[in-house]
$ cat upload21.pdb   # PDB, C-alpha atoms, pLDDT in the B column
ATOM      1  CA  MET A 315     -45.962-107.296  85.093  1.00 56.00           C
ATOM      2  CA  ARG A 316     -46.422-104.365  87.424  1.00 57.00           C
ATOM      3  CA  SER A 317     -48.347-101.361  86.164  1.00 59.00           C
ATOM      4  CA  MET A 318     -46.821 -97.939  86.757  1.00 53.00           C
ATOM      5  CA  LYS A 319     -49.448 -97.328  89.438  1.00 57.00           C
ATOM      6  CA  GLN A 320     -48.150-100.358  91.344  1.00 58.00           C
ATOM      7  CA  ILE A 321     -44.611 -98.931  91.400  1.00 68.00           C
ATOM      8  CA  ARG A 322     -43.860 -96.662  94.320  1.00 63.00           C
ATOM      9  CA  LYS A 323     -44.296 -93.063  93.250  1.00 60.00           C
ATOM     10  CA  GLU A 324     -40.728 -92.060  94.075  1.00 60.00           C
ATOM     11  CA  GLU A 325     -39.432 -94.881  91.846  1.00 70.00           C
ATOM     12  CA  ARG A 326     -41.382 -93.870  88.751  1.00 80.00           C
ATOM     13  CA  PRO A 327     -39.209 -92.264  86.051  1.00 85.00           C
ATOM     14  CA  TYR A 328     -41.082 -88.946  85.848  1.00 83.00           C
ATOM     15  CA  GLU A 329     -41.130 -88.491  89.609  1.00 88.00           C
ATOM     16  CA  LYS A 330     -37.439 -89.433  89.943  1.00 87.00           C
ATOM     17  CA  CYS A 331     -36.528 -87.022  87.170  1.00 88.00           C
ATOM     18  CA  LYS A 332     -38.547 -84.229  88.716  1.00 87.00           C
ATOM     19  CA  GLN A 333     -37.095 -84.715  92.201  1.00 87.00           C
ATOM     20  CA  TYR A 334     -33.494 -85.757  91.499  1.00 87.00           C
ATOM     21  CA  GLY A 335     -32.777 -84.688  87.910  1.00 91.00           C
ATOM     22  CA  THR A 336     -32.074 -86.552  84.691  1.00 90.00           C
ATOM     23  CA  HIS A 337     -28.690 -87.839  85.919  1.00 89.00           C
ATOM     24  CA  SER A 338     -30.482 -89.980  88.527  1.00 91.00           C
ATOM     25  CA  LEU A 339     -32.244 -92.087  85.889  1.00 90.00           C
ATOM     26  CA  SER A 340     -31.046 -95.417  84.542  1.00 90.00           C
ATOM     27  CA  ASP A 341     -30.701 -95.921  80.779  1.00 89.00           C
ATOM     28  CA  ALA A 342     -34.017 -97.762  80.733  1.00 89.00           C
ATOM     29  CA  GLU A 343     -35.754 -95.001  82.700  1.00 91.00           C
ATOM     30  CA  LEU A 344     -34.457 -92.317  80.348  1.00 91.00           C
ATOM     31  CA  LEU A 345     -35.705 -94.275  77.363  1.00 90.00           C
ATOM     32  CA  ALA A 346     -39.027 -94.941  79.136  1.00 90.00           C
ATOM     33  CA  ILE A 347     -39.667 -91.213  79.531  1.00 90.00           C
ATOM     34  CA  MET A 348     -39.110 -90.712  75.812  1.00 88.00           C
ATOM     35  CA  LEU A 349     -41.355 -93.669  74.888  1.00 89.00           C
ATOM     36  CA  ARG A 350     -44.030 -92.346  77.280  1.00 85.00           C
ATOM     37  CA  THR A 351     -46.369 -95.368  77.335  1.00 86.00           C
ATOM     38  CA  GLY A 352     -46.081 -99.114  77.706  1.00 85.00           C
ATOM     39  CA  SER A 353     -48.367-101.831  76.400  1.00 84.00           C
ATOM     40  CA  PRO A 354     -51.108-103.986  77.945  1.00 82.00           C
ATOM     41  CA  SER A 355     -48.492-106.677  78.685  1.00 83.00           C
ATOM     42  CA  MET A 356     -45.710-104.508  80.162  1.00 86.00           C
ATOM     43  CA  ASN A 357     -45.117-101.103  81.672  1.00 86.00           C
ATOM     44  CA  VAL A 358     -42.992 -98.566  79.841  1.00 88.00           C
ATOM     45  CA  VAL A 359     -39.822 -99.216  81.885  1.00 89.00           C
ATOM     46  CA  GLU A 360     -40.028-102.938  81.129  1.00 89.00           C
ATOM     47  CA  MET A 361     -40.518-102.091  77.460  1.00 90.00           C
ATOM     48  CA  ALA A 362     -37.441 -99.860  77.513  1.00 90.00           C
ATOM     49  CA  GLU A 363     -35.439-102.671  79.122  1.00 89.00           C
ATOM     50  CA  ARG A 364     -36.533-105.042  76.341  1.00 89.00           C
ATOM     51  CA  VAL A 365     -35.335-102.525  73.739  1.00 90.00           C
ATOM     52  CA  LEU A 366     -31.917-102.218  75.377  1.00 89.00           C
ATOM     53  CA  GLU A 367     -31.607-106.001  75.715  1.00 87.00           C
ATOM     54  CA  ALA A 368     -32.271-106.355  71.967  1.00 86.00           C
ATOM     55  CA  SER A 369     -29.122-104.405  71.126  1.00 72.00           C
ATOM     56  CA  LYS A 370     -26.654-106.216  68.908  1.00 63.00           C
ATOM     57  CA  VAL A 371     -23.506-104.970  70.617  1.00 61.00           C
ATOM     58  CA  GLU A 372     -22.206-105.306  74.160  1.00 54.00           C
ATOM     59  CA  ASP A 373     -23.021-101.734  75.188  1.00 60.00           C
ATOM     60  CA  SER A 374     -26.801-101.610  75.070  1.00 67.00           C
ATOM     61  CA  LEU A 375     -27.026 -97.859  74.465  1.00 76.00           C
ATOM     62  CA  LEU A 376     -24.716 -97.987  71.455  1.00 74.00           C
ATOM     63  CA  GLY A 377     -26.757-100.918  70.229  1.00 79.00           C
ATOM     64  CA  LEU A 378     -29.649 -98.561  69.484  1.00 84.00           C
ATOM     65  CA  TYR A 379     -27.702 -97.413  66.424  1.00 80.00           C
ATOM     66  CA  HIS A 380     -27.752-100.951  65.042  1.00 78.00           C
ATOM     67  CA  LEU A 381     -31.425-101.810  65.532  1.00 87.00           C
ATOM     68  CA  SER A 382     -33.502-101.495  62.378  1.00 88.00           C
ATOM     69  CA  ARG A 383     -37.143-100.529  62.454  1.00 92.00           C
ATOM     70  CA  GLU A 384     -37.997-104.166  61.749  1.00 92.00           C
ATOM     71  CA  ASP A 385     -35.816-105.318  64.654  1.00 91.00           C
ATOM     72  CA  LEU A 386     -37.564-102.935  67.017  1.00 92.00           C
ATOM     73  CA  MET A 387     -41.033-103.959  65.863  1.00 93.00           C
ATOM     74  CA  GLN A 388     -40.266-107.555  66.867  1.00 92.00           C
ATOM     75  CA  ILE A 389     -40.391-106.400  70.506  1.00 90.00           C
ATOM     76  CA  ASP A 390     -43.790-106.792  72.143  1.00 88.00           C
ATOM     77  CA  GLY A 391     -45.545-103.431  72.272  1.00 88.00           C
ATOM     78  CA  ILE A 392     -43.224-101.654  69.815  1.00 92.00           C
ATOM     79  CA  GLY A 393     -45.146-100.574  66.735  1.00 92.00           C
ATOM     80  CA  GLU A 394     -44.004 -98.442  63.841  1.00 94.00           C
ATOM     81  CA  ILE A 395     -44.410 -95.145  65.715  1.00 92.00           C
ATOM     82  CA  LYS A 396     -42.383 -96.216  68.751  1.00 92.00           C
ATOM     83  CA  ALA A 397     -39.753 -97.773  66.476  1.00 93.00           C
ATOM     84  CA  MET A 398     -39.382 -94.462  64.660  1.00 93.00           C
ATOM     85  CA  GLN A 399     -39.187 -92.622  67.999  1.00 91.00           C
ATOM     86  CA  ILE A 400     -36.276 -94.823  69.086  1.00 90.00           C
ATOM     87  CA  GLN A 401     -34.466 -94.340  65.783  1.00 90.00           C
ATOM     88  CA  CYS A 402     -34.962 -90.590  66.070  1.00 91.00           C
ATOM     89  CA  ILE A 403     -33.439 -90.646  69.573  1.00 89.00           C
ATOM     90  CA  ALA A 404     -30.321 -92.359  68.182  1.00 85.00           C
ATOM     91  CA  GLU A 405     -30.094 -89.932  65.264  1.00 85.00           C
ATOM     92  CA  PHE A 406     -30.564 -86.935  67.542  1.00 88.00           C
ATOM     93  CA  SER A 407     -27.675 -88.054  69.751  1.00 84.00           C
ATOM     94  CA  LYS A 408     -25.403 -88.349  66.691  1.00 79.00           C
ATOM     95  CA  ARG A 409     -26.348 -84.864  65.530  1.00 84.00           C
ATOM     96  CA  MET A 410     -25.665 -83.396  68.968  1.00 84.00           C
ATOM     97  CA  ALA A 411     -22.185 -84.936  68.965  1.00 77.00           C
ATOM     98  CA  LYS A 412     -21.529 -83.610  65.464  1.00 75.00           C
ATOM     99  CA  ALA A 413     -22.759 -80.109  66.319  1.00 78.00           C
ATOM    100  CA  SER A 414     -20.483 -80.035  69.364  1.00 75.00           C
ATOM    101  CA  ALA A 415     -17.457 -81.114  67.285  1.00 71.00           C
ATOM    102  CA  LYS A 416     -18.220 -78.579  64.532  1.00 73.00           C
ATOM    103  CA  ASP A 417     -17.186 -75.631  66.731  1.00 71.00           C
ATOM    104  CA  GLN A 418     -13.632 -77.008  66.896  1.00 75.00           C
ATOM    105  CA  LEU A 419     -13.444 -78.206  63.285  1.00 84.00           C
ATOM    106  CA  SER A 420     -10.188 -77.310  61.540  1.00 89.00           C
ATOM    107  CA  PHE A 421      -9.296 -78.749  58.155  1.00 91.00           C
ATOM    108  CA  GLN A 422      -5.617 -78.452  59.036  1.00 90.00           C
ATOM    109  CA  ASP A 423      -6.184 -80.723  62.056  1.00 94.00           C
ATOM    110  CA  PRO A 424      -7.088 -84.349  61.181  1.00 96.00           C
ATOM    111  CA  ALA A 425      -8.099 -85.066  64.802  1.00 95.00           C
ATOM    112  CA  SER A 426     -10.796 -82.391  64.669  1.00 94.00           C
ATOM    113  CA  ILE A 427     -12.126 -83.784  61.370  1.00 94.00           C
ATOM    114  CA  ALA A 428     -12.221 -87.254  62.901  1.00 94.00           C
ATOM    115  CA  ARG A 429     -14.187 -85.955  65.909  1.00 92.00           C
ATOM    116  CA  TYR A 430     -16.642 -84.242  63.569  1.00 90.00           C
ATOM    117  CA  CYS A 431     -17.324 -87.454  61.603  1.00 90.00           C
ATOM    118  CA  MET A 432     -16.847 -90.035  64.338  1.00 92.00           C
ATOM    119  CA  GLU A 433     -20.434 -90.517  65.563  1.00 84.00           C
ATOM    120  CA  ASP A 434     -21.824 -90.474  62.029  1.00 84.00           C
ATOM    121  CA  LEU A 435     -19.464 -93.150  60.757  1.00 90.00           C
ATOM    122  CA  ARG A 436     -18.213 -95.412  63.545  1.00 86.00           C
ATOM    123  CA  HIS A 437     -21.606 -97.094  64.002  1.00 82.00           C
ATOM    124  CA  CYS A 438     -22.165 -97.787  60.281  1.00 85.00           C
ATOM    125  CA  GLU A 439     -22.342-101.481  59.418  1.00 82.00           C
ATOM    126  CA  GLN A 440     -21.091-100.899  55.865  1.00 86.00           C
ATOM    127  CA  GLU A 441     -18.364 -98.674  54.497  1.00 89.00           C
ATOM    128  CA  GLN A 442     -19.286 -95.174  53.400  1.00 90.00           C
ATOM    129  CA  LEU A 443     -17.074 -92.762  51.481  1.00 90.00           C
ATOM    130  CA  LEU A 444     -17.691 -89.123  52.382  1.00 93.00           C
ATOM    131  CA  VAL A 445     -16.171 -86.233  50.444  1.00 95.00           C
ATOM    132  CA  MET A 446     -15.698 -82.784  51.982  1.00 95.00           C
ATOM    133  CA  MET A 447     -15.281 -79.943  49.483  1.00 95.00           C
ATOM    134  CA  LEU A 448     -13.416 -76.759  50.438  1.00 96.00           C
ATOM    135  CA  ASN A 449     -12.744 -73.368  48.888  1.00 95.00           C
ATOM    136  CA  THR A 450      -9.445 -71.457  48.617  1.00 93.00           C
ATOM    137  CA  LYS A 451      -9.782 -70.340  52.265  1.00 90.00           C
ATOM    138  CA  ASN A 452     -10.266 -73.903  53.524  1.00 90.00           C
ATOM    139  CA  ARG A 453     -13.915 -73.283  54.294  1.00 90.00           C
ATOM    140  CA  LEU A 454     -16.399 -76.110  53.904  1.00 91.00           C
ATOM    141  CA  LEU A 455     -18.578 -75.729  50.818  1.00 93.00           C
ATOM    142  CA  GLY A 456     -20.371 -79.040  51.192  1.00 92.00           C
ATOM    143  CA  GLU A 457     -20.065 -82.703  52.124  1.00 92.00           C
ATOM    144  CA  GLU A 458     -21.606 -85.674  50.353  1.00 92.00           C
ATOM    145  CA  VAL A 459     -21.621 -89.450  50.676  1.00 90.00           C
ATOM    146  CA  ILE A 460     -20.328 -90.675  47.319  1.00 88.00           C
ATOM    147  CA  SER A 461     -20.335 -94.419  47.915  1.00 81.00           C
ATOM    148  CA  LYS A 462     -21.834 -97.001  50.265  1.00 78.00           C
ATOM    149  CA  GLY A 463     -20.360-100.465  50.446  1.00 73.00           C
ATOM    150  CA  THR A 464     -16.767-101.663  50.063  1.00 63.00           C
ATOM    151  CA  VAL A 465     -14.393 -98.840  49.150  1.00 55.00           C
ATOM    152  CA  ASN A 466     -12.941-100.548  46.115  1.00 56.00           C
ATOM    153  CA  ALA A 467     -10.786 -98.870  43.470  1.00 47.00           C
ATOM    154  CA  SER A 468     -12.749-100.597  40.700  1.00 43.00           C
ATOM    155  CA  LEU A 469     -16.095 -99.341  42.059  1.00 54.00           C
ATOM    156  CA  ILE A 470     -15.244 -95.765  43.073  1.00 72.00           C
ATOM    157  CA  SER A 471     -15.382 -93.344  40.157  1.00 77.00           C
ATOM    158  CA  PRO A 472     -13.162 -90.242  40.438  1.00 86.00           C
ATOM    159  CA  ARG A 473     -15.412 -88.786  37.753  1.00 88.00           C
ATOM    160  CA  GLU A 474     -18.398 -88.801  40.125  1.00 88.00           C
ATOM    161  CA  ILE A 475     -16.337 -87.227  42.908  1.00 92.00           C
ATOM    162  CA  PHE A 476     -15.012 -84.438  40.719  1.00 94.00           C
ATOM    163  CA  ILE A 477     -18.401 -83.723  39.137  1.00 93.00           C
ATOM    164  CA  ARG A 478     -19.625 -82.954  42.667  1.00 92.00           C
ATOM    165  CA  ALA A 479     -16.455 -80.986  43.481  1.00 95.00           C
ATOM    166  CA  LEU A 480     -16.836 -78.840  40.357  1.00 94.00           C
ATOM    167  CA  HIS A 481     -20.501 -78.281  41.192  1.00 94.00           C
ATOM    168  CA  TYR A 482     -19.383 -76.711  44.489  1.00 95.00           C
ATOM    169  CA  HIS A 483     -16.460 -74.858  42.812  1.00 95.00           C
ATOM    170  CA  ALA A 484     -14.148 -76.654  45.249  1.00 96.00           C
ATOM    171  CA  VAL A 485     -10.371 -76.357  45.078  1.00 97.00           C
ATOM    172  CA  TYR A 486      -9.583 -78.832  47.875  1.00 97.00           C
ATOM    173  CA  LEU A 487     -11.006 -82.220  48.836  1.00 96.00           C
ATOM    174  CA  ILE A 488     -10.863 -84.365  51.954  1.00 97.00           C
ATOM    175  CA  LEU A 489     -11.945 -88.006  51.810  1.00 95.00           C
ATOM    176  CA  ILE A 490     -13.339 -89.756  54.871  1.00 95.00           C
ATOM    177  CA  HIS A 491     -14.530 -93.322  55.115  1.00 93.00           C
ATOM    178  CA  ASN A 492     -15.183 -95.823  57.876  1.00 94.00           C
ATOM    179  CA  HIS A 493     -14.083 -99.355  58.641  1.00 94.00           C
ATOM    180  CA  PRO A 494     -17.003-101.223  60.272  1.00 90.00           C
ATOM    181  CA  SER A 495     -14.471-103.566  61.930  1.00 91.00           C
ATOM    182  CA  GLY A 496     -13.368-100.635  64.095  1.00 92.00           C
ATOM    183  CA  ASP A 497      -9.744-100.943  62.913  1.00 95.00           C
ATOM    184  CA  PRO A 498      -8.783 -97.877  60.829  1.00 96.00           C
ATOM    185  CA  LYS A 499      -5.603 -99.393  59.329  1.00 95.00           C
ATOM    186  CA  PRO A 500      -5.609 -98.650  55.557  1.00 94.00           C
ATOM    187  CA  SER A 501      -6.012-101.592  53.211  1.00 91.00           C
ATOM    188  CA  LYS A 502      -4.342-101.942  49.806  1.00 91.00           C
ATOM    189  CA  GLU A 503      -7.648-100.919  48.242  1.00 88.00           C
ATOM    190  CA  ASP A 504      -7.807 -97.801  50.418  1.00 90.00           C
ATOM    191  CA  ILE A 505      -4.344 -96.797  49.226  1.00 92.00           C
ATOM    192  CA  ALA A 506      -5.228 -97.528  45.587  1.00 89.00           C
ATOM    193  CA  VAL A 507      -8.424 -95.467  45.766  1.00 89.00           C
ATOM    194  CA  THR A 508      -6.555 -92.563  47.346  1.00 93.00           C
ATOM    195  CA  LYS A 509      -3.809 -92.592  44.736  1.00 93.00           C
ATOM    196  CA  ARG A 510      -6.316 -92.740  41.881  1.00 91.00           C
ATOM    197  CA  ILE A 511      -8.353 -89.810  43.215  1.00 93.00           C
ATOM    198  CA  GLN A 512      -5.277 -87.733  44.041  1.00 95.00           C
ATOM    199  CA  GLU A 513      -3.820 -88.214  40.542  1.00 94.00           C
ATOM    200  CA  SER A 514      -7.160 -87.307  38.931  1.00 94.00           C
ATOM    201  CA  GLY A 515      -7.410 -84.175  41.071  1.00 95.00           C
ATOM    202  CA  ASN A 516      -3.914 -83.070  40.127  1.00 95.00           C
ATOM    203  CA  LEU A 517      -4.896 -83.158  36.458  1.00 94.00           C
ATOM    204  CA  ILE A 518      -7.804 -80.747  36.933  1.00 95.00           C
ATOM    205  CA  GLY A 519      -6.380 -78.576  39.709  1.00 95.00           C
ATOM    206  CA  ILE A 520      -8.343 -79.885  42.701  1.00 96.00           C
ATOM    207  CA  GLU A 521      -5.986 -80.927  45.495  1.00 96.00           C
ATOM    208  CA  LEU A 522      -6.639 -83.863  47.810  1.00 97.00           C
ATOM    209  CA  LEU A 523      -5.686 -82.574  51.258  1.00 96.00           C
ATOM    210  CA  ASP A 524      -6.186 -85.779  53.216  1.00 97.00           C
ATOM    211  CA  HIS A 525      -7.952 -89.116  53.469  1.00 96.00           C
ATOM    212  CA  LEU A 526      -9.150 -90.149  56.921  1.00 97.00           C
ATOM    213  CA  ILE A 527     -10.248 -93.635  57.866  1.00 96.00           C
ATOM    214  CA  ILE A 528     -12.589 -93.782  60.848  1.00 96.00           C
ATOM    215  CA  GLY A 529     -12.585 -96.747  63.208  1.00 95.00           C
ATOM    216  CA  ASP A 530     -14.109 -97.160  66.664  1.00 90.00           C
ATOM    217  CA  HIS A 531     -12.881 -94.024  68.462  1.00 90.00           C
ATOM    218  CA  ARG A 532      -9.739 -94.262  66.323  1.00 94.00           C
ATOM    219  CA  TYR A 533      -8.690 -92.834  63.000  1.00 97.00           C
ATOM    220  CA  VAL A 534      -5.821 -92.841  60.506  1.00 97.00           C
ATOM    221  CA  SER A 535      -4.901 -89.744  58.497  1.00 97.00           C
ATOM    222  CA  PHE A 536      -3.068 -90.415  55.229  1.00 97.00           C
ATOM    223  CA  ARG A 537      -1.347 -87.039  55.512  1.00 95.00           C
ATOM    224  CA  GLU A 538      -0.195 -87.626  59.092  1.00 95.00           C
ATOM    225  CA  SER A 539       0.974 -91.119  58.139  1.00 95.00           C
ATOM    226  CA  GLY A 540       2.916 -89.958  55.074  1.00 94.00           C
ATOM    227  CA  LEU A 541       0.614 -91.926  52.742  1.00 92.00           C
ATOM    228  CA  LEU A 542      -0.283 -89.084  50.384  1.00 89.00           C
ATOM    229  CA  PHE A 543       1.831 -89.237  47.267  1.00 75.00           C
TER     230      PHE A 543
END

$ encode --input "upload21.pdb" --output "structure tokens"
Amino acid sequence: MRSMKQIRKEERPYEKCKQYGTHSLSDAELLAIMLRTGSPSMNVVEMAERVLEASKVEDSLLGLYHLSREDLMQIDGIGEIKAMQIQCIAEFSKRMAKASAKDQLSFQDPASIARYCMEDLRHCEQEQLLVMMLNTKNRLLGEEVISKGTVNASLISPREIFIRALHYHAVYLILIHNHPSGDPKPSKEDIAVTKRIQESGNLIGIELLDHLIIGDHRYVSFRESGLLF
């Protein structure tokens, strides 16, 4: 192990950032600056490299989304505080992406809805069903995760969805859920769930506008695909 003092000054992350800007830093150096300190057995850059190597997917940066606090704390020098810092970095990046997509969000444009939800959902390791509730002017009243786990027609209760919709005085709904496999092709269960919710909404006057399935940088819109009944 080399201490930071043994590394040439111009190669240290803070000095590189100050002289050349953030774009000059490697992934490990960026993470090192946010972690701030190393441990007695390794400097902070080496620690950051260990974190990136622990990622469960091929792209080490995206792997940060999949590392639990327990996973991170298995790395030498990473305690609970540093583990939470790393998780907050990943969450912050997702929120930045969502905030950027929100400016172009249009509920008549499935692609814009997919962009808005993409970073929240494409990294999830289990399926989540999100419901967006809209008013008569197609303005978002609220969004809630209704279910986590397999989106199964026998497990999803339209009653729960419409209780939330009525709470918001919604007149339109949009369903969004993810496929952890990355392939957004609808399954038979997806189609059954959609039909069941759409029929229930028709009975009480709340229209299902669309159901989007989010994959890895891909999506399927039931409305665009002619799958709404």

$ residues_around --input "upload21.pdb" --residues "stretch 384-392 of chain A" --least-positions-apart "4" --cutoff "12 Å" --atoms "all atoms listed in the file" --output "ChimeraX atom specification"
/A:349-370,377-380,396-401

$ write_last_selection --input "upload21.pdb" --atoms "C-alpha atoms" --output "mmCIF file, in the coordinates of the input"
data_model
loop_
_atom_site.group_PDB
_atom_site.id
_atom_site.type_symbol
_atom_site.label_atom_id
_atom_site.label_comp_id
_atom_site.auth_asym_id
_atom_site.auth_seq_id
_atom_site.Cartn_x
_atom_site.Cartn_y
_atom_site.Cartn_z
ATOM 1 C CA LEU A 349 -41.355 -93.669 74.888
ATOM 2 C CA ARG A 350 -44.030 -92.346 77.280
ATOM 3 C CA THR A 351 -46.369 -95.368 77.335
ATOM 4 C CA GLY A 352 -46.081 -99.114 77.706
ATOM 5 C CA SER A 353 -48.367 -101.831 76.400
ATOM 6 C CA PRO A 354 -51.108 -103.986 77.945
ATOM 7 C CA SER A 355 -48.492 -106.677 78.685
ATOM 8 C CA MET A 356 -45.710 -104.508 80.162
ATOM 9 C CA ASN A 357 -45.117 -101.103 81.672
ATOM 10 C CA VAL A 358 -42.992 -98.566 79.841
ATOM 11 C CA VAL A 359 -39.822 -99.216 81.885
ATOM 12 C CA GLU A 360 -40.028 -102.938 81.129
ATOM 13 C CA MET A 361 -40.518 -102.091 77.460
ATOM 14 C CA ALA A 362 -37.441 -99.860 77.513
ATOM 15 C CA GLU A 363 -35.439 -102.671 79.122
ATOM 16 C CA ARG A 364 -36.533 -105.042 76.341
ATOM 17 C CA VAL A 365 -35.335 -102.525 73.739
ATOM 18 C CA LEU A 366 -31.917 -102.218 75.377
ATOM 19 C CA GLU A 367 -31.607 -106.001 75.715
ATOM 20 C CA ALA A 368 -32.271 -106.355 71.967
ATOM 21 C CA SER A 369 -29.122 -104.405 71.126
ATOM 22 C CA LYS A 370 -26.654 -106.216 68.908
ATOM 23 C CA GLY A 377 -26.757 -100.918 70.229
ATOM 24 C CA LEU A 378 -29.649 -98.561 69.484
ATOM 25 C CA TYR A 379 -27.702 -97.413 66.424
ATOM 26 C CA HIS A 380 -27.752 -100.951 65.042
ATOM 27 C CA LYS A 396 -42.383 -96.216 68.751
ATOM 28 C CA ALA A 397 -39.753 -97.773 66.476
ATOM 29 C CA MET A 398 -39.382 -94.462 64.660
ATOM 30 C CA GLN A 399 -39.187 -92.622 67.999
ATOM 31 C CA ILE A 400 -36.276 -94.823 69.086
ATOM 32 C CA GLN A 401 -34.466 -94.340 65.783
#

$ closest_atom_pairs --input "upload21.pdb" --of "stretch 414-467 of chain A" --to "stretch 515-536 of chain A" --cutoff "7 Å" --atoms "all atoms listed in the file" --output "CSV"
residue,atom,partner,partner_atom,distance
A:Pro424,CA,A:Ser535,CA,6.4
A:Ala428,CA,A:Tyr533,CA,6.6
A:Met432,CA,A:Ile528,CA,6.7
A:Leu435,CA,A:Ile528,CA,6.9
A:Arg436,CA,A:Asp530,CA,5.4

$ atom_distance --input "upload21.pdb" --atom1 "atom CA of A:Ile427" --atom2 "atom CA of A:Pro500"
17.2 Å

$ resolve_selection --input "upload21.pdb" --expression "the PyMOL selection byres ((chain A and resi 441) around 7)" --output "list in words"
Cys438, Glu439, Gln440, Gln442, Leu443, Lys462, Gly463, Thr464, Val465, His491, Asn492, His493 and Pro494 of chain A

$ write_last_selection --input "upload21.pdb" --atoms "C-alpha atoms" --output "PDB file, keeping the file's coordinate frame"
ATOM      1  CA  CYS A 438     -22.165 -97.787  60.281  1.00 85.00           C
ATOM      2  CA  GLU A 439     -22.342-101.481  59.418  1.00 82.00           C
ATOM      3  CA  GLN A 440     -21.091-100.899  55.865  1.00 86.00           C
ATOM      4  CA  GLN A 442     -19.286 -95.174  53.400  1.00 90.00           C
ATOM      5  CA  LEU A 443     -17.074 -92.762  51.481  1.00 90.00           C
ATOM      6  CA  LYS A 462     -21.834 -97.001  50.265  1.00 78.00           C
ATOM      7  CA  GLY A 463     -20.360-100.465  50.446  1.00 73.00           C
ATOM      8  CA  THR A 464     -16.767-101.663  50.063  1.00 63.00           C
ATOM      9  CA  VAL A 465     -14.393 -98.840  49.150  1.00 55.00           C
ATOM     10  CA  HIS A 491     -14.530 -93.322  55.115  1.00 93.00           C
ATOM     11  CA  ASN A 492     -15.183 -95.823  57.876  1.00 94.00           C
ATOM     12  CA  HIS A 493     -14.083 -99.355  58.641  1.00 94.00           C
ATOM     13  CA  PRO A 494     -17.003-101.223  60.272  1.00 90.00           C
TER      14      PRO A 494
END

$ closest_residue --input "upload21.pdb" --among "A:Ala404, A:Leu480, A:Cys431, A:Leu542" --to "A:Val459" --atoms "all atoms listed in the file"
A:Cys431

$ axis_aligned_box --input "upload21.pdb" --around "stretch 339-352 of chain A" --padding-each-side "3 Å" --output "AutoDock Vina command-line options"
--center_x -38.5 --center_y -94.9 --center_z 80.4 --size_x 21.7 --size_y 14.4 --size_z 17.0

$ atom_distance --input "upload21.pdb" --atom1 "atom CA of A:Ile488" --atom2 "atom CA of A:Gln418"
16.9 Å

$ closest_residue --input "upload21.pdb" --among "A:Ile475, A:Ile470, A:Leu339, A:Val485" --to "A:Asn452" --atoms "all atoms listed in the file"
A:Val485

$ atom_distance --input "upload21.pdb" --atom1 "atom CA of A:Ser461" --atom2 "atom CA of A:Ile505"
16.2 Å

$ closest_residue --input "upload21.pdb" --among "A:Met410, A:Leu455, A:Ile347, A:Leu489" --to "A:Lys330" --atoms "all atoms listed in the file"
A:Ile347

$ resolve_selection --input "upload21.pdb" --expression "the PyMOL selection byres ((chain A and resi 456) around 7)" --output "PyMOL selection string"
chain A and resi 446-447+454-455+457-458

$ closest_residue --input "upload21.pdb" --among "A:Lys332, A:His437, A:His337, A:Lys412" --to "A:Gly496" --atoms "only C-alpha atoms"
A:His437

$ closest_residue --input "upload21.pdb" --among "A:Pro472, A:Gly393, A:Pro327, A:Gly335" --to "A:Glu513" --atoms "all atoms listed in the file"
A:Pro472

$ closest_residue --input "upload21.pdb" --among "A:Ile403, A:Leu419, A:Ile490, A:Ala506" --to "A:Leu345" --atoms "only C-alpha atoms"
A:Ile403

$ build_atoms --input "upload21.pdb" --residues "stretch 487-494 of chain A" --atoms "N, CA, C and O atoms" --output "PDB file, in the coordinates of the input"
ATOM      1  N   LEU A 487     -10.147 -81.120  48.416  1.00 96.00           N
ATOM      2  CA  LEU A 487     -11.006 -82.220  48.836  1.00 96.00           C
ATOM      3  C   LEU A 487     -10.402 -82.916  50.045  1.00 96.00           C
ATOM      4  O   LEU A 487      -9.184 -82.985  50.194  1.00 96.00           O
ATOM      5  N   ILE A 488     -11.271 -83.446  50.894  1.00 97.00           N
ATOM      6  CA  ILE A 488     -10.863 -84.365  51.954  1.00 97.00           C
ATOM      7  C   ILE A 488     -11.776 -85.584  51.858  1.00 97.00           C
ATOM      8  O   ILE A 488     -13.008 -85.445  51.803  1.00 97.00           O
ATOM      9  N   LEU A 489     -11.183 -86.759  51.814  1.00 95.00           N
ATOM     10  CA  LEU A 489     -11.945 -88.006  51.810  1.00 95.00           C
ATOM     11  C   LEU A 489     -12.026 -88.554  53.222  1.00 95.00           C
ATOM     12  O   LEU A 489     -11.047 -88.487  53.971  1.00 95.00           O
ATOM     13  N   ILE A 490     -13.174 -89.088  53.584  1.00 95.00           N
ATOM     14  CA  ILE A 490     -13.339 -89.756  54.871  1.00 95.00           C
ATOM     15  C   ILE A 490     -14.150 -91.023  54.629  1.00 95.00           C
ATOM     16  O   ILE A 490     -15.188 -90.974  53.962  1.00 95.00           O
ATOM     17  N   HIS A 491     -13.671 -92.145  55.133  1.00 93.00           N
ATOM     18  CA  HIS A 491     -14.530 -93.322  55.115  1.00 93.00           C
ATOM     19  C   HIS A 491     -14.293 -94.142  56.375  1.00 93.00           C
ATOM     20  O   HIS A 491     -13.322 -93.928  57.100  1.00 93.00           O
ATOM     21  N   ASN A 492     -15.203 -95.047  56.634  1.00 94.00           N
ATOM     22  CA  ASN A 492     -15.183 -95.823  57.876  1.00 94.00           C
ATOM     23  C   ASN A 492     -14.811 -97.270  57.617  1.00 94.00           C
ATOM     24  O   ASN A 492     -15.009 -97.792  56.514  1.00 94.00           O
ATOM     25  N   HIS A 493     -14.279 -97.905  58.632  1.00 94.00           N
ATOM     26  CA  HIS A 493     -14.083 -99.355  58.641  1.00 94.00           C
ATOM     27  C   HIS A 493     -15.020 -99.939  59.692  1.00 94.00           C
ATOM     28  O   HIS A 493     -14.822 -99.729  60.893  1.00 94.00           O
ATOM     29  N   PRO A 494     -16.062-100.658  59.301  1.00 90.00           N
ATOM     30  CA  PRO A 494     -17.003-101.223  60.272  1.00 90.00           C
ATOM     31  C   PRO A 494     -16.343-102.146  61.297  1.00 90.00           C
ATOM     32  O   PRO A 494     -16.884-102.348  62.383  1.00 90.00           O
TER      33      PRO A 494
END
